[in-house]
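S.K.: One structure coming up, written as structure tokens, with questions to follow.
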Amino acid sequence: MPLVPPLNFAMIASGVYRSGHPNKQNFAFLRKLGLKTIMYFAMEDYPPEMQHFVEQEGIEVLHYKTEGNKEPFIEHRIGCLVGCLRKIQRWSMTSIFDEYRKFAGTKVLADQEFIETFDHNQVPFDYKHRPGWL
């Protein structure tokens, strides 16, 4: 079976990926990644086909019920999340927006404003337990 990544698949950091909603044709590809956890950002329940796949593979699903048309995640929830992560990683704004636009298409202005005003210094975390890519 050919390895077909989900729509908008990309690596964010070592072992951390982003994508659109996977479907059955993506299962072989996802299996190769050895995923342990999937973060699912949508109001809808996880599709039955994906639910069966994650149960079979022993993958934990963290379901965050977020609406796509609410502030701060106007229409591009993952793009905003990744943009804010890039600020924490101290990327330049130019690089953050270049990456954001690669996936967001035309829905950019309000989301870019949110990313730009996001204060990464207000994100509490224990430096001793940070991942190596942070």
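Residue names in the structure tokens use chain letters A, B, ... in the order shown, residue numbers from 1 in each chain, and ligand numbers from 1 in the order shown.
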So that I can check the surroundings of Ala28 in chain A, please list as a list in words every protein, DNA and RNA residue that reaches within 10 Å of it, counting only C-alpha atoms and ignoring chain neighbours fewer than 2 positions away.

M.R.: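 So, after excluding close chain neighbours, the residues are Met1, Pro2, Leu3, Val4, Pro5, Lys24, Gln25, Asn26, Leu30, Arg31, Lys32 and Leu33 of chain A.
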
S.K.: Restrict the selected residues to N, CA, C and O atoms and save them as a PDB file, in the first residue's frame.

M.R.:
```pdb
ATOM      1  N   MET A   1       0.856  -1.186   0.000  1.00  0.00           N
ATOM      2  CA  MET A   1       0.000   0.000   0.000  1.00  0.00           C
ATOM      3  C   MET A   1       0.902   1.249   0.000  1.00  0.00           C
ATOM      4  O   MET A   1       1.832   1.333   0.792  1.00  0.00           O
ATOM      5  N   PRO A   2       0.605   2.234  -0.838  1.00  0.00           N
ATOM      6  CA  PRO A   2       1.440   3.439  -0.891  1.00  0.00           C
ATOM      7  C   PRO A   2       1.282   4.279   0.382  1.00  0.00           C
ATOM      8  O   PRO A   2       0.241   4.258   1.034  1.00  0.00           O
ATOM      9  N   LEU A   3       2.338   5.006   0.719  1.00  0.00           N
ATOM     10  CA  LEU A   3       2.299   5.887   1.881  1.00  0.00           C
ATOM     11  C   LEU A   3       1.822   7.261   1.433  1.00  0.00           C
ATOM     12  O   LEU A   3       2.522   7.960   0.695  1.00  0.00           O
ATOM     13  N   VAL A   4       0.631   7.648   1.880  1.00  0.00           N
ATOM     14  CA  VAL A   4       0.024   8.917   1.482  1.00  0.00           C
ATOM     15  C   VAL A   4      -0.176   9.760   2.734  1.00  0.00           C
ATOM     16  O   VAL A   4      -0.972   9.402   3.611  1.00  0.00           O
ATOM     17  N   PRO A   5       0.531  10.900   2.840  1.00  0.00           N
ATOM     18  CA  PRO A   5       0.339  11.746   4.023  1.00  0.00           C
ATOM     19  C   PRO A   5      -1.006  12.467   3.963  1.00  0.00           C
ATOM     20  O   PRO A   5      -1.540  12.702   2.885  1.00  0.00           O
ATOM     21  N   LYS A  24      -8.802   7.081   5.629  1.00  0.00           N
ATOM     22  CA  LYS A  24      -8.319   5.703   5.525  1.00  0.00           C
ATOM     23  C   LYS A  24      -7.075   5.569   4.645  1.00  0.00           C
ATOM     24  O   LYS A  24      -6.184   4.780   4.946  1.00  0.00           O
ATOM     25  N   GLN A  25      -6.982   6.343   3.570  1.00  0.00           N
ATOM     26  CA  GLN A  25      -5.820   6.223   2.684  1.00  0.00           C
ATOM     27  C   GLN A  25      -4.531   6.708   3.348  1.00  0.00           C
ATOM     28  O   GLN A  25      -3.448   6.426   2.858  1.00  0.00           O
ATOM     29  N   ASN A  26      -4.627   7.413   4.484  1.00  0.00           N
ATOM     30  CA  ASN A  26      -3.453   7.912   5.207  1.00  0.00           C
ATOM     31  C   ASN A  26      -2.977   6.971   6.311  1.00  0.00           C
ATOM     32  O   ASN A  26      -1.924   7.209   6.912  1.00  0.00           O
ATOM     33  N   LEU A  30       0.479   7.135   8.601  1.00  0.00           N
ATOM     34  CA  LEU A  30       0.411   7.461  10.031  1.00  0.00           C
ATOM     35  C   LEU A  30       1.007   6.344  10.880  1.00  0.00           C
ATOM     36  O   LEU A  30       1.685   6.601  11.872  1.00  0.00           O
ATOM     37  N   ARG A  31       0.772   5.109  10.474  1.00  0.00           N
ATOM     38  CA  ARG A  31       1.323   3.960  11.203  1.00  0.00           C
ATOM     39  C   ARG A  31       2.854   4.046  11.248  1.00  0.00           C
ATOM     40  O   ARG A  31       3.471   3.746  12.263  1.00  0.00           O
ATOM     41  N   LYS A  32       3.477   4.441  10.145  1.00  0.00           N
ATOM     42  CA  LYS A  32       4.941   4.542  10.062  1.00  0.00           C
ATOM     43  C   LYS A  32       5.506   5.593  11.017  1.00  0.00           C
ATOM     44  O   LYS A  32       6.660   5.506  11.429  1.00  0.00           O
ATOM     45  N   LEU A  33       4.702   6.606  11.363  1.00  0.00           N
ATOM     46  CA  LEU A  33       5.177   7.668  12.259  1.00  0.00           C
ATOM     47  C   LEU A  33       5.298   7.196  13.708  1.00  0.00           C
ATOM     48  O   LEU A  33       6.004   7.817  14.504  1.00  0.00           O
TER      49      LEU A  33
END
```

S.K.: Would you return as a list in words the members of chain A that DSSP assigns to strand (DSSP E) on this structure's backbone?

M.R.: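 Across chain A, those assigned strand (DSSP E) are Ala10, Met11, Ile12, Ala13, Val16, Tyr17, Arg18, Thr37, Ile38, Met39, Tyr40, Phe41, Glu60, Val61, Leu62, His63 and Tyr64 of chain A.
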
S.K.: Would you write out those residues with C-alpha atoms, as a short mmCIF file (atom, residue, chain, number, x, y, z; two decimals), in the first residue's frame?

M.R.:
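Wrote selection19.cif, looks like this:
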```cif
data_model
loop_
_atom_site.label_atom_id
_atom_site.label_comp_id
_atom_site.auth_asym_id
_atom_site.auth_seq_id
_atom_site.Cartn_x
_atom_site.Cartn_y
_atom_site.Cartn_z
CA ALA A 10 4.28 18.82 7.89
CA MET A 11 6.77 18.32 10.71
CA ILE A 12 6.63 21.01 13.39
CA ALA A 13 9.51 19.59 15.44
CA VAL A 16 5.56 16.64 16.38
CA TYR A 17 3.45 16.93 13.23
CA ARG A 18 0.49 18.85 11.84
CA THR A 37 -0.95 11.05 20.83
CA ILE A 38 -3.17 13.01 18.46
CA MET A 39 -4.51 16.44 19.39
CA TYR A 40 -7.87 16.92 17.65
CA PHE A 41 -9.21 20.49 17.44
CA GLU A 60 -4.33 8.55 22.66
CA VAL A 61 -6.63 11.28 21.29
CA LEU A 62 -6.84 14.61 23.10
CA HIS A 63 -10.03 16.22 21.79
CA TYR A 64 -10.26 20.00 22.23
#
```

S.K.: In Å to one decimal, how far is CA of His21 in chain A from CA of Phe9 in chain A?

M.R.: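 CA of His21 in chain A lies at a distance of 9.6 Å from CA of Phe9 in chain A.
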
S.K.: According to DSSP computed on the backbone, where in range 2-127 of chain A is there helix (DSSP H, G or I)? Give the residues as a ChimeraX atom specification.

M.R.: /A:24-33,48-57,77-88,93-104,109-117,120-122,127

S.K.: Can you tell me, as a VMD selection string, what residues are no more than 7 Å from range 95-105 of chain A when counting only C-alpha atoms, ignoring any on the same chain fewer than 6 positions away?

M.R.: chain A and resid 8 76 79 83 86

S.K.: Could you turn the residues from that selection into a file that holds C-alpha atoms, as a PDB file, in the first residue's frame?

M.R.:
```pdb
ATOM      1  CA  ASN A   8      -1.307  19.779   4.852  1.00  0.00           C
ATOM      2  CA  HIS A  76      -7.039  28.373  11.165  1.00  0.00           C
ATOM      3  CA  GLY A  79      -1.848  27.671  12.168  1.00  0.00           C
ATOM      4  CA  GLY A  83       2.589  30.384  15.066  1.00  0.00           C
ATOM      5  CA  ARG A  86       7.226  29.443  16.868  1.00  0.00           C
TER       6      ARG A  86
END
```

S.K.: CA of Thr94 in chain A and CA of Ala110 in chain A, how far apart in Å?

M.R.: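 Taking CA of Ala110 in chain A as the start and CA of Thr94 in chain A as the end point, the length is 16.0 Å.
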
S.K.: Quick one: of A:Leu35, A:Ile115, A:Met93, A:Val123, who's nearest to Gly58 in chain A, counting only C-alpha atoms?

M.R.: A:Leu35

S.K.: Check the smallest atom-to-atom distance from each of A:Gln56, A:Gln112, A:Thr117, A:Gln89 to Trp133 in chain A using only C-alpha atoms, then report the winner.

M.R.: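 Of all the options, A:Gln89 lies closest to Trp133 in chain A.
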
S.K.: Which value, in Å to one decimal, gives the distance between CA of Tyr127 in chain A and CA of Leu81 in chain A?

M.R.: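 Between CA of Tyr127 in chain A and CA of Leu81 in chain A the gap works out to 19.9 Å.
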
S.K.: Show which residues sit within 10 Å of Pro47 in chain A, as a ChimeraX atom specification. Count only C-alpha atoms, and ignore same-chain residues fewer than 6 positions away.

M.R.: /A:21-23,53

S.K.: Could the residues in this selection be saved with C-alpha atoms as a short mmCIF file (atom, residue, chain, number, x, y, z; two decimals), in the first residue's frame?

M.R.:
```
data_model
loop_
_atom_site.label_atom_id
_atom_site.label_comp_id
_atom_site.auth_asym_id
_atom_site.auth_seq_id
_atom_site.Cartn_x
_atom_site.Cartn_y
_atom_site.Cartn_z
CA HIS A 21 -8.10 15.48 8.98
CA PRO A 22 -6.66 12.09 8.00
CA ASN A 23 -8.68 9.41 6.26
CA PHE A 53 -7.69 3.30 13.75
#
```
